[in-house]
Amino acid sequence: MTDAPATFSHAPEALPILAGLQSQTPEFAPHGLRPAGTRDWLLVMTLAGKGHVRAAGQVWPLTAGDLLLFAPDTPQDYGAAEPQGQWDNIWAHFRPRPHWIPWLVWPQRARGVMMLAAGAATAAIAADLRRMVEVSTIPQRLRDDLAMNALERALIGCDGVNPLLDAPLIDPRIRRALDLIGEGLAQPVQIDHLARAVGLSRSRFGVLFARGLNMSPQVYVEFLRLGRAAQMLMISTWSVGHIAEQVGFPDPYYFSTRFHARYGLPPTAYRARGARVA
């Protein structure tokens with residue numbers, strides 16, 4: 001599978017993960033150029049050779065063991081370092097599970113453009129990503145879960161080489177707010193009330209939240225609600241309206257609209273697609 005950067009403006013919304021291996025050839029030098037980014041996350045790990053990424057007017061090299069991560073809606077400009085050189089990589093477009101968000105805070109080269117050097121963990125992380133690619137193309141019922149589990153293992157491995165882990169990435173008050181959001185997801189979430197509950201002003205709460213999670217509280221709440229709804233659609237026989245209510249959307253039509261915007265399918269079609277994978 002090849003990531004075709006020139007024409008691939010957005011990853012297919014219906015898939016939770018799209019992944020592949022890429023190798024530079026005399027006829028093909030991988031290059032991802034998406035000025036508007038994608039609506040999902042993009043992870044690229046260099047296996048061999050040399051690549052590069054451009055951001056904020058600068059260029060950073062990518063060599064074996066380097067991991068590149070783009071946040072959603074971040075301009076992407078990356079590729080092989082030399083037209084006739086070598087650049088082998090593994091890539092994955094994915095929509096993270098809600099509990100992954102704190103793991104995706106890496107050193108930034110520019111806003112939304114992050115990099116890590118895997119170092120001694122290169123072989124283990126690469127093995128997990130190869131497993132992700134392998135199972136993501138298998139036509140079986142648990143394909144998507146197996147691929148996501150392999151990616152999760154890789155991201156856990158990345159945490160072990162993340163130099164930011166020694167820094168206070170997420171303020172304890174924000175961690176408490178995340179717990180409160182998760183516990184009361186079916187209820188209306190008032191940012192003012194949430195900020196007061198953890199002893200912060202609304203403005204300071206917003207700053208600390210965005211600093212720790214790279215998204216606003218409102219975006220995170222919807223992200224969590226829609227992610228939980230997707231799980232419910234796959235494991236329950238509840239109606240779409242009941243699921244919408246359970247995750248905090250009193251209006252089923254608005255829920256369906258937001259779900260479609262995130263996953264590229266209305267809730268009923270998303271459930272049917274999962275049921276057809278056998």
# chains A, B, ... in the order shown; residues from 1 in each chain; ligands from 1
>>> closest_atom_pairs(of="region 144-252 of chain A", to="region 84-92 of chain A", cutoff="12 Å", atoms="only C-alpha atoms", output="tab-separated table")
residue	atom	partner	partner_atom	distance
A:Ala147	CA	A:Ala92	CA	10.2
A:Met148	CA	A:Ala92	CA	10.3
A:Ala150	CA	A:Ala92	CA	11.4
A:Leu151	CA	A:Ala92	CA	8.7
A:Glu152	CA	A:Ala92	CA	11.9
A:Ala154	CA	A:Ala92	CA	11.5
A:Leu155	CA	A:Ala92	CA	11.9
>>> write_last_selection(atoms="N, CA and C atoms", output="tab-separated table (two decimals), in the first residue's frame")
chain	number	residue	atom	x	y	z
A	147	ALA	N	-5.34	-3.86	14.50
A	147	ALA	CA	-4.46	-2.81	14.00
A	147	ALA	C	-4.31	-1.70	15.03
A	148	MET	N	-5.42	-1.30	15.63
A	148	MET	CA	-5.36	-0.24	16.64
A	148	MET	C	-4.57	-0.70	17.87
A	150	ALA	N	-2.07	-2.82	17.88
A	150	ALA	CA	-0.65	-2.78	17.53
A	150	ALA	C	-0.13	-1.35	17.54
A	151	LEU	N	-0.94	-0.41	17.04
A	151	LEU	CA	-0.54	0.99	17.07
A	151	LEU	C	-0.44	1.49	18.51
A	152	GLU	N	-1.37	1.05	19.35
A	152	GLU	CA	-1.31	1.44	20.76
A	152	GLU	C	-0.01	0.97	21.42
A	154	ALA	N	2.79	0.51	19.92
A	154	ALA	CA	3.86	1.37	19.39
A	154	ALA	C	3.88	2.72	20.11
A	155	LEU	N	2.70	3.30	20.34
A	155	LEU	CA	2.65	4.60	21.01
A	155	LEU	C	3.11	4.50	22.46
>>> residues_around(residues="Met232 (chain A)", least_positions_apart="2", cutoff="12 Å", atoms="only C-alpha atoms", output="list in words")
Arg225, Leu226, Gly227, Arg228, Ala229, Ala230, Met234, Ile235, Ser236, Thr237, Trp238, Ser239, Val240, Gly241, His242, Ile243, Ala244, Glu245, Gln246, Val247, Pro267, Thr268, Tyr270, Arg271 and Gly274 of chain A
>>> write_last_selection(atoms="C-alpha atoms", output="PDB file, in the first residue's frame")
ATOM      1  CA  ARG A 225     -18.437  11.622  23.133  1.00  0.00           C
ATOM      2  CA  LEU A 226     -18.179  10.574  19.510  1.00  0.00           C
ATOM      3  CA  GLY A 227     -15.491   8.008  20.286  1.00  0.00           C
ATOM      4  CA  ARG A 228     -17.655   6.424  22.949  1.00  0.00           C
ATOM      5  CA  ALA A 229     -20.659   6.497  20.619  1.00  0.00           C
ATOM      6  CA  ALA A 230     -18.655   4.646  17.960  1.00  0.00           C
ATOM      7  CA  MET A 234     -20.320  -1.674  17.516  1.00  0.00           C
ATOM      8  CA  ILE A 235     -21.031  -3.522  20.766  1.00  0.00           C
ATOM      9  CA  SER A 236     -24.696  -2.816  21.446  1.00  0.00           C
ATOM     10  CA  THR A 237     -28.076  -3.007  19.734  1.00  0.00           C
ATOM     11  CA  TRP A 238     -29.236   0.298  21.197  1.00  0.00           C
ATOM     12  CA  SER A 239     -30.943   2.727  18.861  1.00  0.00           C
ATOM     13  CA  VAL A 240     -28.989   5.674  17.505  1.00  0.00           C
ATOM     14  CA  GLY A 241     -31.194   8.024  19.522  1.00  0.00           C
ATOM     15  CA  HIS A 242     -30.501   6.160  22.767  1.00  0.00           C
ATOM     16  CA  ILE A 243     -26.753   6.134  22.129  1.00  0.00           C
ATOM     17  CA  ALA A 244     -26.837   9.843  21.339  1.00  0.00           C
ATOM     18  CA  GLU A 245     -28.538  10.494  24.664  1.00  0.00           C
ATOM     19  CA  GLN A 246     -26.056   8.304  26.549  1.00  0.00           C
ATOM     20  CA  VAL A 247     -23.085  10.314  25.266  1.00  0.00           C
ATOM     21  CA  PRO A 267     -24.148   6.152  12.653  1.00  0.00           C
ATOM     22  CA  THR A 268     -26.349   3.466  11.062  1.00  0.00           C
ATOM     23  CA  TYR A 270     -20.967   2.896  10.521  1.00  0.00           C
ATOM     24  CA  ARG A 271     -22.648   0.103  12.481  1.00  0.00           C
ATOM     25  CA  GLY A 274     -18.684  -3.099  11.153  1.00  0.00           C
TER      26      GLY A 274
END
>>> select_by_dssp(residues="region 24-136 of chain A", states="strand (DSSP E)", output="NGL selection string")
:A and (31-34 or 41-49 or 51-55 or 58-62 or 66-70 or 76-80 or 87-94 or 108-110 or 113-117)
>>> residues_around(residues="Leu208 (chain A)", least_positions_apart="2", cutoff="12 Å", atoms="only C-alpha atoms", output="NGL selection string")
:A and (168-175 or 177 or 195 or 198 or 200-206 or 210-217)
>>> closest_residue(among="A:Gly37, A:Gly32, A:Gly184, A:Pro266", to="Pro72 (chain A)", atoms="only C-alpha atoms")
A:Gly37
>>> closest_residue(among="A:Leu47, A:Leu233, A:Leu265, A:Ile101", to="Ile125 (chain A)", atoms="only C-alpha atoms")
A:Leu47
>>> residues_around(residues="Gly119 (chain A)", least_positions_apart="3", cutoff="12 Å", atoms="only C-alpha atoms", output="list in words")
Thr46, Leu47, Thr63, Ala64, Gly65, Asp66, Leu67, Leu116, Thr122, Ala123, Ala124, Ile125, Ala126, Gly157, Cys158, Gly160, Val161, Asn162 and Pro163 of chain A
>>> select_by_dssp(residues="region 38-208 of chain A", states="helix (DSSP H, G or I)", output="number ranges by chain")
A: 98-104, 119-136, 143-159, 163-166, 172-183, 191-197, 202-208
>>> decode(residues="region 122-260 of chain A", atoms="C-alpha atoms", output="tab-separated table (two decimals), in the first residue's frame")
chain	number	residue	atom	x	y	z
A	122	THR	CA	13.55	1.52	17.31
A	123	ALA	CA	13.30	-2.23	16.68
A	124	ALA	CA	10.41	-2.77	19.12
A	125	ILE	CA	8.39	0.21	17.86
A	126	ALA	CA	9.01	-0.74	14.23
A	127	ALA	CA	7.89	-4.32	14.94
A	128	ASP	CA	4.60	-3.09	16.42
A	129	LEU	CA	4.03	-0.79	13.44
A	130	ARG	CA	4.77	-3.60	11.00
A	131	ARG	CA	2.21	-5.71	12.83
A	132	MET	CA	-0.26	-2.81	12.52
A	133	VAL	CA	0.24	-2.73	8.74
A	134	GLU	CA	-0.03	-6.51	8.46
A	135	VAL	CA	-3.35	-6.85	10.27
A	136	SER	CA	-4.89	-3.65	8.87
A	137	THR	CA	-5.31	-5.33	5.48
A	138	ILE	CA	-6.72	-8.65	6.70
A	139	PRO	CA	-10.46	-9.07	5.92
A	140	GLN	CA	-11.54	-10.34	9.32
A	141	ARG	CA	-13.97	-9.13	11.95
A	142	LEU	CA	-11.33	-7.96	14.45
A	143	ARG	CA	-9.05	-6.38	11.84
A	144	ASP	CA	-9.56	-2.80	12.98
A	145	ASP	CA	-9.14	-3.63	16.67
A	146	LEU	CA	-5.98	-5.65	16.02
A	147	ALA	CA	-4.46	-2.81	14.00
A	148	MET	CA	-5.36	-0.24	16.64
A	149	ASN	CA	-3.95	-2.48	19.39
A	150	ALA	CA	-0.65	-2.78	17.53
A	151	LEU	CA	-0.54	0.99	17.07
A	152	GLU	CA	-1.31	1.44	20.76
A	153	ARG	CA	1.67	-0.75	21.66
A	154	ALA	CA	3.86	1.37	19.39
A	155	LEU	CA	2.65	4.60	21.01
A	156	ILE	CA	3.32	3.15	24.47
A	157	GLY	CA	6.84	2.41	23.24
A	158	CYS	CA	7.12	6.00	22.04
A	159	ASP	CA	6.24	7.20	25.54
A	160	GLY	CA	9.38	5.48	26.78
A	161	VAL	CA	11.57	7.71	24.58
A	162	ASN	CA	9.59	10.94	24.96
A	163	PRO	CA	11.82	13.55	26.66
A	164	LEU	CA	8.77	15.57	27.66
A	165	LEU	CA	7.63	12.90	30.10
A	166	ASP	CA	9.84	14.37	32.78
A	167	ALA	CA	8.02	17.69	32.42
A	168	PRO	CA	4.58	18.42	33.90
A	169	LEU	CA	2.74	17.93	30.60
A	170	ILE	CA	-0.77	17.93	32.01
A	171	ASP	CA	-1.55	19.98	35.06
A	172	PRO	CA	-3.09	17.85	37.87
A	173	ARG	CA	-6.16	20.10	37.82
A	174	ILE	CA	-6.66	19.34	34.13
A	175	ARG	CA	-6.29	15.62	34.82
A	176	ARG	CA	-9.05	15.98	37.40
A	177	ALA	CA	-11.17	17.79	34.83
A	178	LEU	CA	-10.68	14.90	32.40
A	179	ASP	CA	-12.00	12.54	35.06
A	180	LEU	CA	-15.03	14.77	35.65
A	181	ILE	CA	-15.78	14.93	31.92
A	182	GLY	CA	-15.57	11.15	31.61
A	183	GLU	CA	-17.77	10.57	34.64
A	184	GLY	CA	-20.51	12.93	33.46
A	185	LEU	CA	-20.38	12.52	29.71
A	186	ALA	CA	-24.15	12.17	29.34
A	187	GLN	CA	-24.69	15.49	31.13
A	188	PRO	CA	-24.22	18.98	29.67
A	189	VAL	CA	-20.61	20.09	30.13
A	190	GLN	CA	-20.33	23.72	31.17
A	191	ILE	CA	-16.74	24.93	30.86
A	192	ASP	CA	-17.27	27.61	33.52
A	193	HIS	CA	-18.52	25.02	36.02
A	194	LEU	CA	-15.75	22.61	35.12
A	195	ALA	CA	-13.08	25.26	35.62
A	196	ARG	CA	-14.50	26.24	39.01
A	197	ALA	CA	-14.69	22.59	40.07
A	198	VAL	CA	-10.92	22.28	39.68
A	199	GLY	CA	-10.11	25.72	41.12
A	200	LEU	CA	-9.31	27.64	37.94
A	201	SER	CA	-10.70	30.63	36.09
A	202	ARG	CA	-12.24	29.87	32.69
A	203	SER	CA	-9.39	31.60	30.84
A	204	ARG	CA	-6.63	29.85	32.81
A	205	PHE	CA	-8.44	26.54	32.47
A	206	GLY	CA	-8.57	26.95	28.68
A	207	VAL	CA	-4.86	27.80	28.48
A	208	LEU	CA	-3.76	24.83	30.62
A	209	PHE	CA	-6.12	22.46	28.83
A	210	ALA	CA	-4.86	23.42	25.37
A	211	ARG	CA	-1.24	23.27	26.54
A	212	GLY	CA	-1.64	19.76	27.89
A	213	LEU	CA	-3.85	18.18	25.22
A	214	ASN	CA	-3.29	20.30	22.09
A	215	MET	CA	-7.03	20.93	21.80
A	216	SER	CA	-9.71	23.04	23.43
A	217	PRO	CA	-12.04	21.64	26.13
A	218	GLN	CA	-14.98	21.82	23.73
A	219	VAL	CA	-13.15	19.83	21.04
A	220	TYR	CA	-12.05	17.23	23.59
A	221	VAL	CA	-15.59	16.75	24.94
A	222	GLU	CA	-16.98	16.13	21.46
A	223	PHE	CA	-14.02	13.89	20.62
A	224	LEU	CA	-14.68	11.77	23.70
A	225	ARG	CA	-18.44	11.62	23.13
A	226	LEU	CA	-18.18	10.57	19.51
A	227	GLY	CA	-15.49	8.01	20.29
A	228	ARG	CA	-17.66	6.42	22.95
A	229	ALA	CA	-20.66	6.50	20.62
A	230	ALA	CA	-18.66	4.65	17.96
A	231	GLN	CA	-17.86	1.94	20.51
A	232	MET	CA	-21.51	1.66	21.54
A	233	LEU	CA	-22.61	1.31	17.94
A	234	MET	CA	-20.32	-1.67	17.52
A	235	ILE	CA	-21.03	-3.52	20.77
A	236	SER	CA	-24.70	-2.82	21.45
A	237	THR	CA	-28.08	-3.01	19.73
A	238	TRP	CA	-29.24	0.30	21.20
A	239	SER	CA	-30.94	2.73	18.86
A	240	VAL	CA	-28.99	5.67	17.51
A	241	GLY	CA	-31.19	8.02	19.52
A	242	HIS	CA	-30.50	6.16	22.77
A	243	ILE	CA	-26.75	6.13	22.13
A	244	ALA	CA	-26.84	9.84	21.34
A	245	GLU	CA	-28.54	10.49	24.66
A	246	GLN	CA	-26.06	8.30	26.55
A	247	VAL	CA	-23.08	10.31	25.27
A	248	GLY	CA	-24.59	13.74	25.83
A	249	PHE	CA	-26.35	14.60	22.53
A	250	PRO	CA	-30.02	15.30	23.28
A	251	ASP	CA	-30.71	15.94	19.57
A	252	PRO	CA	-30.22	12.71	17.53
A	253	TYR	CA	-30.08	14.66	14.27
A	254	TYR	CA	-27.26	16.89	15.50
A	255	PHE	CA	-25.49	13.80	16.85
A	256	SER	CA	-25.72	12.11	13.44
A	257	THR	CA	-24.40	15.25	11.75
A	258	ARG	CA	-21.37	15.48	14.04
A	259	PHE	CA	-20.74	11.73	13.87
A	260	HIS	CA	-20.79	11.87	10.07
